>>> print(open('protein-v3.cif').read())   # mmCIF, C-alpha atoms
data_work
#
loop_
_atom_site.label_atom_id
_atom_site.label_comp_id
_atom_site.auth_asym_id
_atom_site.auth_seq_id
_atom_site.Cartn_x
_atom_site.Cartn_y
_atom_site.Cartn_z
CA MET P 1 -12.42 201.22 7.10
CA LEU P 2 -16.16 200.75 7.41
CA LYS P 3 -16.74 204.34 6.34
CA ALA P 4 -14.54 203.94 3.27
CA TYR P 5 -15.91 200.51 2.33
CA PRO P 6 -19.70 200.34 2.85
CA GLU P 7 -19.84 196.67 1.81
CA LEU P 8 -17.76 195.62 4.84
CA LYS P 9 -19.02 194.41 8.19
CA ALA P 10 -17.03 194.09 11.41
CA ILE P 11 -17.07 192.10 14.60
CA VAL P 12 -15.57 193.72 17.65
CA PHE P 13 -14.68 190.90 20.03
CA ASP P 14 -13.46 191.48 23.57
CA ARG P 15 -14.20 190.76 27.21
CA PRO P 16 -17.81 191.48 28.29
CA GLN P 17 -16.99 194.62 30.28
CA ILE P 18 -15.00 196.05 27.36
CA ILE P 19 -17.78 195.29 24.86
CA GLU P 20 -20.35 197.13 26.95
CA ALA P 21 -18.07 200.17 27.16
CA ALA P 22 -17.31 199.96 23.42
CA LYS P 23 -21.00 199.94 22.50
CA SER P 24 -21.59 203.07 24.57
CA TYR P 25 -18.47 204.80 23.28
CA TRP P 26 -19.07 204.19 19.56
CA ASN P 27 -22.80 204.87 19.75
CA ASP P 28 -22.17 208.65 19.70
CA LYS P 29 -19.03 208.61 17.54
CA ILE P 30 -20.12 206.98 14.28
CA THR P 31 -23.17 207.16 12.06
CA ALA P 32 -26.06 204.74 12.47
CA ASP P 33 -25.45 203.09 9.07
CA ILE P 34 -21.90 202.17 10.12
CA LEU P 35 -22.99 201.13 13.59
CA THR P 36 -25.48 198.66 12.10
CA ARG P 37 -22.58 196.91 10.35
CA ILE P 38 -20.70 196.30 13.60
CA ASP P 39 -21.47 193.22 15.66
CA PHE P 40 -20.18 193.65 19.22
CA GLN P 41 -19.49 190.21 20.68
CA ALA P 42 -18.32 189.41 24.18
CA GLY P 43 -16.17 186.40 24.87
CA ASP P 44 -12.84 185.00 25.93
CA MET P 45 -10.20 184.51 23.22
CA PHE P 46 -8.66 181.75 25.33
CA GLU P 47 -11.90 179.76 24.96
CA SER P 48 -13.01 180.54 21.40
CA LEU P 49 -13.18 183.19 18.68
CA PRO P 50 -16.06 184.10 16.34
CA ALA P 51 -16.23 181.80 13.31
CA ALA P 52 -14.93 183.07 9.98
CA SER P 53 -16.57 183.35 6.62
CA ASN P 54 -14.80 183.73 3.28
CA ASN P 55 -12.43 186.68 2.86
CA ASP P 56 -12.41 187.65 6.51
CA LEU P 57 -9.54 189.51 8.11
CA PHE P 58 -8.86 188.90 11.78
CA VAL P 59 -7.06 191.83 13.44
CA PHE P 60 -5.18 191.58 16.73
CA SER P 61 -3.88 194.95 17.87
CA ALA P 62 -1.20 194.97 20.58
CA ILE P 63 -2.43 191.66 21.99
CA PHE P 64 0.30 189.11 21.43
CA HIS P 65 3.14 191.12 22.96
CA CYS P 66 1.26 190.88 26.27
CA LEU P 67 1.18 187.09 26.13
CA SER P 68 3.63 184.26 26.72
CA ASP P 69 4.32 181.88 23.85
CA GLU P 70 2.03 179.33 25.51
CA ALA P 71 -0.85 181.80 25.80
CA CYS P 72 -0.30 182.93 22.19
CA THR P 73 -0.46 179.31 21.07
CA SER P 74 -3.77 178.86 22.89
CA VAL P 75 -5.26 181.87 21.07
CA LEU P 76 -3.77 180.77 17.73
CA ASN P 77 -5.32 177.32 18.12
CA ASN P 78 -8.71 178.95 18.73
CA LEU P 79 -8.08 181.15 15.70
CA LYS P 80 -7.41 178.07 13.54
CA THR P 81 -10.74 176.65 14.66
CA ALA P 82 -12.52 179.94 13.91
CA ILE P 83 -10.97 180.16 10.44
CA GLY P 84 -11.75 176.53 9.62
CA THR P 85 -11.55 175.95 5.86
CA HIS P 86 -11.96 179.61 4.90
CA GLN P 87 -9.25 181.69 3.26
CA SER P 88 -9.03 184.26 6.05
CA TYR P 89 -5.99 186.39 6.72
CA VAL P 90 -4.74 187.56 10.10
CA LEU P 91 -3.19 190.95 10.83
CA PHE P 92 -1.12 191.29 13.99
CA ALA P 93 -0.45 194.97 14.74
CA ASP P 94 2.38 194.58 17.18
CA ALA P 95 5.98 195.50 17.84
CA VAL P 96 8.67 193.54 16.04
CA ALA P 97 12.11 193.65 17.59
CA GLU P 98 15.21 193.58 15.41
CA GLU P 99 17.20 190.36 15.42
CA THR P 100 20.27 192.34 16.57
CA HIS P 101 20.86 195.92 17.73
CA ILE P 102 17.35 196.30 19.14
CA ASP P 103 15.84 199.77 19.07
CA PRO P 104 15.88 201.30 22.60
CA THR P 105 12.12 201.98 22.49
CA ILE P 106 11.34 198.37 21.60
CA ALA P 107 13.81 197.19 24.26
CA ALA P 108 11.97 199.29 26.85
CA PHE P 109 8.62 197.85 25.74
CA ASP P 110 10.15 194.38 25.93
CA MET P 111 11.14 194.91 29.56
CA GLN P 112 7.69 196.34 30.40
CA MET P 113 5.98 193.33 28.84
CA LEU P 114 8.26 190.88 30.64
CA ILE P 115 7.77 192.52 34.04
CA GLY P 116 4.09 193.42 33.71
CA THR P 117 2.57 190.62 31.67
CA MET P 118 5.06 187.80 31.06
CA GLY P 119 4.83 188.76 27.38
CA ARG P 120 7.56 190.13 25.15
CA GLU P 121 8.46 191.86 21.93
CA ARG P 122 9.34 189.19 19.38
CA THR P 123 11.86 189.28 16.54
CA PRO P 124 10.81 188.27 13.00
CA SER P 125 12.30 184.80 13.54
CA GLU P 126 10.42 184.44 16.85
CA TRP P 127 7.16 185.53 15.20
CA LYS P 128 7.80 183.04 12.39
CA ARG P 129 8.49 180.18 14.82
CA LEU P 130 5.43 181.03 16.97
CA LEU P 131 3.09 181.23 13.97
CA ASN P 132 4.58 178.25 12.12
CA ASN P 133 4.23 176.04 15.20
CA ALA P 134 0.51 176.88 15.24
CA GLY P 135 0.03 176.21 11.50
CA PHE P 136 0.30 179.77 10.16
CA GLU P 137 2.75 181.31 7.75
CA ILE P 138 3.82 184.92 7.55
CA VAL P 139 2.82 186.51 4.26
CA ALA P 140 4.37 189.92 4.95
CA ILE P 141 5.73 192.17 7.66
CA MET P 142 4.81 195.75 6.83
CA ASN P 143 6.25 198.95 8.22
CA VAL P 144 3.66 201.48 9.38
CA ARG P 145 3.94 204.98 10.81
CA THR P 146 4.50 203.81 14.37
CA PHE P 147 7.02 201.68 16.21
CA ALA P 148 4.74 198.70 15.53
CA LYS P 149 4.50 196.69 12.33
CA PHE P 150 1.72 194.81 10.58
CA ILE P 151 2.38 191.08 10.42
CA ILE P 152 0.09 189.47 7.84
CA ALA P 153 -0.36 185.72 8.16
CA LYS P 154 -2.58 182.91 6.93
CA LEU P 155 -3.01 179.21 7.56
CA TYR P 156 -0.78 176.87 5.55
#
>>> encode(input="protein-v3.cif", output="structure tokens")
Amino acid sequence: MLKAYPELKAIVFDRPQIIEAAKSYWNDKITADILTRIDFQAGDMFESLPAASNNDLFVFSAIFHCLSDEACTSVLNNLKTAIGTHQSYVLFADAVAEETHIDPTIAAFDMQMLIGTMGRERTPSEWKRLLNNAGFEIVAIMNVRTFAKFIIAKLY
């Protein structure tokens, strides 16, 4: 995205050990002009998230399916604080289970998440309830070329 849109900047936010590895990894993979538009920040999403500015997009890729509802709510509350009064959107790239007749692949992921992380694959109604309870509304659920979907949300 940064290559296609030179006016964009990005923050990569993760645990300190991941950020150090990411800096090293991307240093040789992308051009210097793109690298200068990436701010690598270390932190803990359960404590806080980087503050938003207007028109920001927060992206969480395969994060929430690893978390319990309680842990998700903690992160969502920090996200609300980070967004503040700005008109930021949130993209959750995550699996979405069908309400009935769950796909066997998603069912297998669901069991792996339950056993390994206490997380789970959520249905659209479960995503809606989780996000609504934290003050967010779903704008769209988009199909993409994987088993996952893009859930676009914003604050009420």
>>> closest_residue(input="protein-v3.cif", among="P:Thr36, P:Ser61, P:Asn77, P:Thr85", to="Glu7 in chain P", atoms="only C-alpha atoms")
P:Thr36
>>> atom_distance(input="protein-v3.cif", atom1="CA of Thr123 in chain P", atom2="CA of Met142 in chain P")
13.6 Å
>>> closest_residue(input="protein-v3.cif", among="P:Arg122, P:Lys9, P:His86, P:Lys128", to="Asp39 in chain P", atoms="all atoms listed in the file")
P:Lys9
>>> resolve_selection(input="protein-v3.cif", expression="the PyMOL selection byres ((chain P and resi 55) around 8)", output="list in words")
Ser53, Asn54, Asp56, Leu57, His86, Gln87, Ser88 and Tyr89 of chain P
>>> atom_distance(input="protein-v3.cif", atom1="CA of Ile106 in chain P", atom2="CA of Val12 in chain P")
27.6 Å
>>> atom_distance(input="protein-v3.cif", atom1="CA of Met45 in chain P", atom2="CA of Thr146 in chain P")
25.8 Å
>>> decode(input="protein-v3.cif", residues="range 56-71 of chain P", atoms="N, CA and C atoms", output="short mmCIF file (atom, residue, chain, number, x, y, z; two decimals), in the first residue's frame")
data_model
loop_
_atom_site.label_atom_id
_atom_site.label_comp_id
_atom_site.auth_asym_id
_atom_site.auth_seq_id
_atom_site.Cartn_x
_atom_site.Cartn_y
_atom_site.Cartn_z
N ASP P 56 -7.19 7.85 9.76
CA ASP P 56 -6.35 6.68 9.99
C ASP P 56 -7.15 5.40 9.81
N LEU P 57 -6.44 4.35 9.48
CA LEU P 57 -7.00 3.01 9.41
C LEU P 57 -6.16 2.13 10.32
N PHE P 58 -6.78 1.55 11.32
CA PHE P 58 -6.11 0.60 12.19
C PHE P 58 -6.36 -0.79 11.61
N VAL P 59 -5.31 -1.60 11.48
CA VAL P 59 -5.43 -2.93 10.91
C VAL P 59 -4.96 -3.96 11.94
N PHE P 60 -5.82 -4.91 12.22
CA PHE P 60 -5.49 -6.03 13.10
C PHE P 60 -5.60 -7.30 12.26
N SER P 61 -4.48 -7.95 12.02
CA SER P 61 -4.46 -9.13 11.17
C SER P 61 -4.29 -10.39 12.02
N ALA P 62 -5.31 -11.23 12.01
CA ALA P 62 -5.29 -12.51 12.73
C ALA P 62 -4.90 -12.34 14.20
N ILE P 63 -5.46 -11.33 14.83
CA ILE P 63 -5.17 -11.06 16.24
C ILE P 63 -6.34 -11.51 17.12
N PHE P 64 -7.53 -11.09 16.77
CA PHE P 64 -8.67 -11.26 17.66
C PHE P 64 -9.12 -12.71 17.79
N HIS P 65 -8.85 -13.54 16.79
CA HIS P 65 -9.26 -14.94 16.92
C HIS P 65 -8.40 -15.67 17.95
N CYS P 66 -7.28 -15.08 18.33
CA CYS P 66 -6.41 -15.68 19.36
C CYS P 66 -6.82 -15.25 20.77
N LEU P 67 -7.78 -14.38 20.88
CA LEU P 67 -8.11 -13.77 22.17
C LEU P 67 -9.51 -14.14 22.65
N SER P 68 -9.66 -14.21 23.95
CA SER P 68 -10.98 -14.38 24.55
C SER P 68 -11.77 -13.09 24.35
N ASP P 69 -13.07 -13.14 24.59
CA ASP P 69 -13.89 -11.93 24.49
C ASP P 69 -13.40 -10.85 25.45
N GLU P 70 -12.99 -11.27 26.65
CA GLU P 70 -12.52 -10.32 27.64
C GLU P 70 -11.24 -9.63 27.17
N ALA P 71 -10.31 -10.40 26.62
CA ALA P 71 -9.06 -9.82 26.12
C ALA P 71 -9.33 -8.91 24.93
#
